[in-house]
Amino acid sequence: MSRSRFLPDNFTFALLSVVTLASLLPASGDVAHLFERLTTVAIGLLFFLHGAKLSREAIMNGITHWRLHLLVFCSTFMLFPLLGLALKPLLLPLMTPELYTGVLYLCVLPATVQSAIAFTAMARGNLPAAICSASASTLLGVFITPVLVNLVVLPNGGHASSSLGSIGRILLQLMVPFLVGHLLRPWIGKWIQRRASVLKFVDQGSILLVVYTAFSAAVIEGLWRQVPAHALVGLLVACAVVLGLALGLTTLMARKLGFDLEDEITIVFCGSKKSLASGIPMAKVLFPSHAVGAIVLPLMLFHQMQLMVCAVLAQRYARRGRVERSVLKTAD
């Protein structure tokens, strides 16, 4: 029997298991240092494989649709941060200041790649444009997210690394492996495409490693003593509000600006999603270890929520597209 689309997937259960393990048996001392090194290697391998997988042809097929890309980028790097700041009077009373900082952090992250493209394909949207837009968002996020962290998340200094230092470290840890993988694509690209399960294993495994090390450090610093149950409920409400507004506003803007249905689908799924795969490694670079757990907790909840909501939305778009094509065929 197939699992309901409203239930969490296996990866979400794995995330919950890792958080539970870190809460009960947090890594410390030499073990924590070992996991830090393993995490760094795994993240480098992850971005190396993504670079080898990315097709230049797919980018060129979608890159000319500049109005669509501009709207997606404005949604990702302008609309979301403005929502996070504007909703502060509503969201901050619902949770702890540390969790609200995490909400602001998810608002400045780039869009997802895999799920944005997958949902666009499921909904029968403009797939080449989605590939281009989502991939470019990830690349731009390397430069834009550290700047926005210092401008939006911690405008008074806080504990984040400086923008230039963060960009340099992100370039070294994420972009260098990505570019090396992309340069080697002519020789290893087909091999990686035939072994998609390898990329999925590295993708999910690296995130689980980061989550375990991050939550271990946070638990040792007293994360769960500082996060009461009502704050977690408030965080769920906050994630739902931010996601609902993002979906509604991207849909409204796409229609007001005259995009057709295929482009609207791409705008909605690329402009309303935030990347767990990029966000957790970046948090590890941008914030001290003991703070990462609370910072990424909102992102983890938002990630699962966006997957469940967008799965339902993609199916509705697909049905709407079939109806419209059927009407056009009848008219002909």
# chains A, B, ... in the order shown; residues from 1 in each chain; ligands from 1
>>> residues_around(residues="Ile117 of chain A", least_positions_apart="5", cutoff="10 Å", atoms="only C-alpha atoms", output="PDB file with N, CA, C and O atoms, in the first residue's frame")
ATOM      1  N   THR A 112      15.487  25.486  -3.623  1.00  0.00           N
ATOM      2  CA  THR A 112      15.888  24.102  -3.826  1.00  0.00           C
ATOM      3  C   THR A 112      16.172  23.856  -5.307  1.00  0.00           C
ATOM      4  O   THR A 112      15.740  24.625  -6.173  1.00  0.00           O
ATOM      5  N   MET A 122       6.232  17.400 -12.411  1.00  0.00           N
ATOM      6  CA  MET A 122       4.992  16.741 -12.033  1.00  0.00           C
ATOM      7  C   MET A 122       3.775  17.584 -12.429  1.00  0.00           C
ATOM      8  O   MET A 122       2.756  17.056 -12.879  1.00  0.00           O
ATOM      9  N   ALA A 123       3.904  18.908 -12.292  1.00  0.00           N
ATOM     10  CA  ALA A 123       2.788  19.804 -12.588  1.00  0.00           C
ATOM     11  C   ALA A 123       2.719  20.200 -14.059  1.00  0.00           C
ATOM     12  O   ALA A 123       1.830  20.960 -14.448  1.00  0.00           O
ATOM     13  N   GLY A 125       5.031  22.036 -15.816  1.00  0.00           N
ATOM     14  CA  GLY A 125       5.446  23.422 -15.993  1.00  0.00           C
ATOM     15  C   GLY A 125       6.592  23.539 -16.987  1.00  0.00           C
ATOM     16  O   GLY A 125       6.926  22.587 -17.696  1.00  0.00           O
ATOM     17  N   ASN A 126       7.213  24.722 -17.023  1.00  0.00           N
ATOM     18  CA  ASN A 126       8.328  25.001 -17.929  1.00  0.00           C
ATOM     19  C   ASN A 126       9.601  24.405 -17.320  1.00  0.00           C
ATOM     20  O   ASN A 126      10.309  25.059 -16.550  1.00  0.00           O
ATOM     21  N   LEU A 127       9.905  23.163 -17.667  1.00  0.00           N
ATOM     22  CA  LEU A 127      10.992  22.431 -17.016  1.00  0.00           C
ATOM     23  C   LEU A 127      12.383  23.009 -17.319  1.00  0.00           C
ATOM     24  O   LEU A 127      13.188  23.164 -16.388  1.00  0.00           O
ATOM     25  N   PRO A 128      12.724  23.346 -18.579  1.00  0.00           N
ATOM     26  CA  PRO A 128      14.049  23.939 -18.818  1.00  0.00           C
ATOM     27  C   PRO A 128      14.280  25.214 -18.013  1.00  0.00           C
ATOM     28  O   PRO A 128      15.362  25.427 -17.471  1.00  0.00           O
ATOM     29  N   ALA A 129      13.253  26.066 -17.932  1.00  0.00           N
ATOM     30  CA  ALA A 129      13.385  27.300 -17.146  1.00  0.00           C
ATOM     31  C   ALA A 129      13.549  26.982 -15.672  1.00  0.00           C
ATOM     32  O   ALA A 129      14.304  27.661 -14.955  1.00  0.00           O
ATOM     33  N   ALA A 130      12.872  25.949 -15.179  1.00  0.00           N
ATOM     34  CA  ALA A 130      12.988  25.564 -13.772  1.00  0.00           C
ATOM     35  C   ALA A 130      14.406  25.078 -13.466  1.00  0.00           C
ATOM     36  O   ALA A 130      14.975  25.418 -12.417  1.00  0.00           O
ATOM     37  N   ILE A 131      14.970  24.283 -14.365  1.00  0.00           N
ATOM     38  CA  ILE A 131      16.335  23.783 -14.167  1.00  0.00           C
ATOM     39  C   ILE A 131      17.311  24.943 -14.099  1.00  0.00           C
ATOM     40  O   ILE A 131      18.180  25.013 -13.218  1.00  0.00           O
ATOM     41  N   CYS A 132      17.159  25.878 -15.026  1.00  0.00           N
ATOM     42  CA  CYS A 132      18.051  27.036 -15.071  1.00  0.00           C
ATOM     43  C   CYS A 132      17.891  27.905 -13.827  1.00  0.00           C
ATOM     44  O   CYS A 132      18.855  28.292 -13.180  1.00  0.00           O
ATOM     45  N   SER A 133      16.634  28.205 -13.475  1.00  0.00           N
ATOM     46  CA  SER A 133      16.366  29.119 -12.372  1.00  0.00           C
ATOM     47  C   SER A 133      16.802  28.539 -11.038  1.00  0.00           C
ATOM     48  O   SER A 133      17.445  29.218 -10.230  1.00  0.00           O
ATOM     49  N   ALA A 134      16.468  27.280 -10.783  1.00  0.00           N
ATOM     50  CA  ALA A 134      16.823  26.656  -9.509  1.00  0.00           C
ATOM     51  C   ALA A 134      18.333  26.501  -9.374  1.00  0.00           C
ATOM     52  O   ALA A 134      18.899  26.739  -8.302  1.00  0.00           O
ATOM     53  N   SER A 135      19.007  26.111 -10.462  1.00  0.00           N
ATOM     54  CA  SER A 135      20.462  25.952 -10.418  1.00  0.00           C
ATOM     55  C   SER A 135      21.150  27.291 -10.195  1.00  0.00           C
ATOM     56  O   SER A 135      22.074  27.403  -9.376  1.00  0.00           O
ATOM     57  N   THR A 266       6.354  27.136 -12.841  1.00  0.00           N
ATOM     58  CA  THR A 266       7.786  27.247 -12.566  1.00  0.00           C
ATOM     59  C   THR A 266       8.069  28.322 -11.541  1.00  0.00           C
ATOM     60  O   THR A 266       8.874  28.129 -10.620  1.00  0.00           O
ATOM     61  N   PHE A 269       6.912  27.092  -7.952  1.00  0.00           N
ATOM     62  CA  PHE A 269       7.708  26.041  -7.319  1.00  0.00           C
ATOM     63  C   PHE A 269       9.167  26.423  -7.137  1.00  0.00           C
ATOM     64  O   PHE A 269       9.834  25.904  -6.233  1.00  0.00           O
ATOM     65  N   CYS A 270       9.695  27.317  -7.959  1.00  0.00           N
ATOM     66  CA  CYS A 270      11.079  27.761  -7.790  1.00  0.00           C
ATOM     67  C   CYS A 270      11.181  28.970  -6.858  1.00  0.00           C
ATOM     68  O   CYS A 270      12.217  29.179  -6.227  1.00  0.00           O
TER      69      CYS A 270
END
>>> residues_around(residues="Phe302 of chain A", least_positions_apart="2", cutoff="12 Å", atoms="only C-alpha atoms", output="PyMOL selection string")
chain A and resi 12+102-107+235-244+272-276+279+296-300+304-310
>>> residues_around(residues="Ala136 of chain A", least_positions_apart="4", cutoff="10 Å", atoms="only C-alpha atoms", output="list in words")
Ile59, Ile63, His69, Phe73, Pro110, Ala111, Val113, Ala130, Ile131, Cys132, Leu140 and Gly141 of chain A
>>> write_last_selection(atoms="N, CA and C atoms", output="PDB file, in the first residue's frame")
ATOM      1  N   ILE A  59      20.899  24.497 -18.824  1.00  0.00           N
ATOM      2  CA  ILE A  59      21.012  25.905 -18.427  1.00  0.00           C
ATOM      3  C   ILE A  59      20.774  26.814 -19.629  1.00  0.00           C
ATOM      4  N   ILE A  63      17.954  29.813 -19.974  1.00  0.00           N
ATOM      5  CA  ILE A  63      18.555  31.052 -19.517  1.00  0.00           C
ATOM      6  C   ILE A  63      17.982  32.294 -20.199  1.00  0.00           C
ATOM      7  N   HIS A  69      13.091  34.368 -14.607  1.00  0.00           N
ATOM      8  CA  HIS A  69      14.186  34.212 -13.651  1.00  0.00           C
ATOM      9  C   HIS A  69      14.273  35.393 -12.703  1.00  0.00           C
ATOM     10  N   PHE A  73      14.123  35.133  -8.665  1.00  0.00           N
ATOM     11  CA  PHE A  73      15.207  35.625  -7.812  1.00  0.00           C
ATOM     12  C   PHE A  73      14.708  36.687  -6.839  1.00  0.00           C
ATOM     13  N   PRO A 110      18.902  30.237  -0.708  1.00  0.00           N
ATOM     14  CA  PRO A 110      18.512  30.015  -2.108  1.00  0.00           C
ATOM     15  C   PRO A 110      17.398  28.983  -2.208  1.00  0.00           C
ATOM     16  N   ALA A 111      16.853  28.850  -3.410  1.00  0.00           N
ATOM     17  CA  ALA A 111      15.783  27.877  -3.653  1.00  0.00           C
ATOM     18  C   ALA A 111      16.358  26.473  -3.754  1.00  0.00           C
ATOM     19  N   VAL A 113      16.853  22.775  -5.588  1.00  0.00           N
ATOM     20  CA  VAL A 113      17.080  22.373  -6.974  1.00  0.00           C
ATOM     21  C   VAL A 113      16.235  21.143  -7.307  1.00  0.00           C
ATOM     22  N   ALA A 130      12.872  25.949 -15.179  1.00  0.00           N
ATOM     23  CA  ALA A 130      12.988  25.564 -13.772  1.00  0.00           C
ATOM     24  C   ALA A 130      14.406  25.078 -13.466  1.00  0.00           C
ATOM     25  N   ILE A 131      14.970  24.283 -14.365  1.00  0.00           N
ATOM     26  CA  ILE A 131      16.335  23.783 -14.167  1.00  0.00           C
ATOM     27  C   ILE A 131      17.311  24.943 -14.099  1.00  0.00           C
ATOM     28  N   CYS A 132      17.159  25.878 -15.026  1.00  0.00           N
ATOM     29  CA  CYS A 132      18.051  27.036 -15.071  1.00  0.00           C
ATOM     30  C   CYS A 132      17.891  27.905 -13.827  1.00  0.00           C
ATOM     31  N   LEU A 140      23.986  31.605  -7.020  1.00  0.00           N
ATOM     32  CA  LEU A 140      23.947  32.983  -6.513  1.00  0.00           C
ATOM     33  C   LEU A 140      23.873  33.017  -4.993  1.00  0.00           C
ATOM     34  N   GLY A 141      23.223  32.006  -4.413  1.00  0.00           N
ATOM     35  CA  GLY A 141      23.088  31.970  -2.964  1.00  0.00           C
ATOM     36  C   GLY A 141      24.418  31.907  -2.245  1.00  0.00           C
TER      37      GLY A 141
END
>>> atom_distance(atom1="atom CA of Leu79 of chain A", atom2="atom CA of Ile43 of chain A")
28.5 Å
>>> residues_around(residues="Leu261 of chain A", least_positions_apart="5", cutoff="12 Å", atoms="only C-alpha atoms", output="number ranges by chain")
A: 120, 123-126, 251, 254-255, 266-268, 317-318, 320-322, 324-325
>>> closest_residue(among="A:Ile280, A:Leu232, A:Ala118, A:Ala311", to="Leu99 of chain A", atoms="only C-alpha atoms")
A:Leu232
>>> decode(residues="segment 37-53 of chain A", atoms="N, CA, C and O atoms", output="PDB file, in the first residue's frame")
ATOM      1  N   ARG A  37      35.008  16.420  10.727  1.00  0.00           N
ATOM      2  CA  ARG A  37      35.839  16.140   9.545  1.00  0.00           C
ATOM      3  C   ARG A  37      35.055  15.316   8.519  1.00  0.00           C
ATOM      4  O   ARG A  37      35.124  15.580   7.307  1.00  0.00           O
ATOM      5  N   LEU A  38      34.329  14.308   8.991  1.00  0.00           N
ATOM      6  CA  LEU A  38      33.515  13.500   8.085  1.00  0.00           C
ATOM      7  C   LEU A  38      32.476  14.356   7.376  1.00  0.00           C
ATOM      8  O   LEU A  38      32.215  14.182   6.176  1.00  0.00           O
ATOM      9  N   THR A  39      31.886  15.296   8.107  1.00  0.00           N
ATOM     10  CA  THR A  39      30.870  16.164   7.530  1.00  0.00           C
ATOM     11  C   THR A  39      31.460  17.039   6.434  1.00  0.00           C
ATOM     12  O   THR A  39      30.861  17.208   5.365  1.00  0.00           O
ATOM     13  N   THR A  40      32.633  17.592   6.678  1.00  0.00           N
ATOM     14  CA  THR A  40      33.282  18.444   5.683  1.00  0.00           C
ATOM     15  C   THR A  40      33.564  17.670   4.396  1.00  0.00           C
ATOM     16  O   THR A  40      33.311  18.159   3.285  1.00  0.00           O
ATOM     17  N   VAL A  41      34.059  16.442   4.541  1.00  0.00           N
ATOM     18  CA  VAL A  41      34.343  15.598   3.371  1.00  0.00           C
ATOM     19  C   VAL A  41      33.052  15.257   2.633  1.00  0.00           C
ATOM     20  O   VAL A  41      32.984  15.324   1.389  1.00  0.00           O
ATOM     21  N   ALA A  42      32.012  14.890   3.374  1.00  0.00           N
ATOM     22  CA  ALA A  42      30.743  14.494   2.754  1.00  0.00           C
ATOM     23  C   ALA A  42      30.114  15.652   1.995  1.00  0.00           C
ATOM     24  O   ALA A  42      29.580  15.471   0.891  1.00  0.00           O
ATOM     25  N   ILE A  43      30.170  16.856   2.550  1.00  0.00           N
ATOM     26  CA  ILE A  43      29.589  18.022   1.881  1.00  0.00           C
ATOM     27  C   ILE A  43      30.371  18.346   0.608  1.00  0.00           C
ATOM     28  O   ILE A  43      29.790  18.668  -0.440  1.00  0.00           O
ATOM     29  N   GLY A  44      31.709  18.259   0.681  1.00  0.00           N
ATOM     30  CA  GLY A  44      32.510  18.480  -0.516  1.00  0.00           C
ATOM     31  C   GLY A  44      32.173  17.485  -1.608  1.00  0.00           C
ATOM     32  O   GLY A  44      32.037  17.846  -2.787  1.00  0.00           O
ATOM     33  N   LEU A  45      32.012  16.204  -1.246  1.00  0.00           N
ATOM     34  CA  LEU A  45      31.637  15.178  -2.213  1.00  0.00           C
ATOM     35  C   LEU A  45      30.255  15.435  -2.789  1.00  0.00           C
ATOM     36  O   LEU A  45      30.019  15.246  -3.992  1.00  0.00           O
ATOM     37  N   LEU A  46      29.329  15.894  -1.935  1.00  0.00           N
ATOM     38  CA  LEU A  46      27.972  16.201  -2.389  1.00  0.00           C
ATOM     39  C   LEU A  46      27.983  17.250  -3.494  1.00  0.00           C
ATOM     40  O   LEU A  46      27.371  17.065  -4.559  1.00  0.00           O
ATOM     41  N   PHE A  47      28.697  18.353  -3.274  1.00  0.00           N
ATOM     42  CA  PHE A  47      28.701  19.423  -4.271  1.00  0.00           C
ATOM     43  C   PHE A  47      29.528  19.045  -5.496  1.00  0.00           C
ATOM     44  O   PHE A  47      29.240  19.506  -6.604  1.00  0.00           O
ATOM     45  N   PHE A  48      30.521  18.196  -5.329  1.00  0.00           N
ATOM     46  CA  PHE A  48      31.254  17.665  -6.476  1.00  0.00           C
ATOM     47  C   PHE A  48      30.312  16.874  -7.387  1.00  0.00           C
ATOM     48  O   PHE A  48      30.306  17.059  -8.616  1.00  0.00           O
ATOM     49  N   LEU A  49      29.484  16.006  -6.811  1.00  0.00           N
ATOM     50  CA  LEU A  49      28.559  15.198  -7.605  1.00  0.00           C
ATOM     51  C   LEU A  49      27.477  16.060  -8.250  1.00  0.00           C
ATOM     52  O   LEU A  49      27.080  15.816  -9.389  1.00  0.00           O
ATOM     53  N   HIS A  50      26.998  17.080  -7.529  1.00  0.00           N
ATOM     54  CA  HIS A  50      26.009  17.986  -8.132  1.00  0.00           C
ATOM     55  C   HIS A  50      26.607  18.734  -9.319  1.00  0.00           C
ATOM     56  O   HIS A  50      25.939  18.960 -10.326  1.00  0.00           O
ATOM     57  N   GLY A  51      27.853  19.147  -9.201  1.00  0.00           N
ATOM     58  CA  GLY A  51      28.505  19.829 -10.314  1.00  0.00           C
ATOM     59  C   GLY A  51      28.638  18.935 -11.526  1.00  0.00           C
ATOM     60  O   GLY A  51      28.432  19.359 -12.667  1.00  0.00           O
ATOM     61  N   ALA A  52      28.969  17.656 -11.295  1.00  0.00           N
ATOM     62  CA  ALA A  52      29.096  16.710 -12.398  1.00  0.00           C
ATOM     63  C   ALA A  52      27.756  16.391 -13.036  1.00  0.00           C
ATOM     64  O   ALA A  52      27.684  16.047 -14.214  1.00  0.00           O
ATOM     65  N   LYS A  53      26.685  16.518 -12.266  1.00  0.00           N
ATOM     66  CA  LYS A  53      25.348  16.178 -12.766  1.00  0.00           C
ATOM     67  C   LYS A  53      24.725  17.320 -13.565  1.00  0.00           C
ATOM     68  O   LYS A  53      23.922  17.094 -14.469  1.00  0.00           O
TER      69      LYS A  53
END
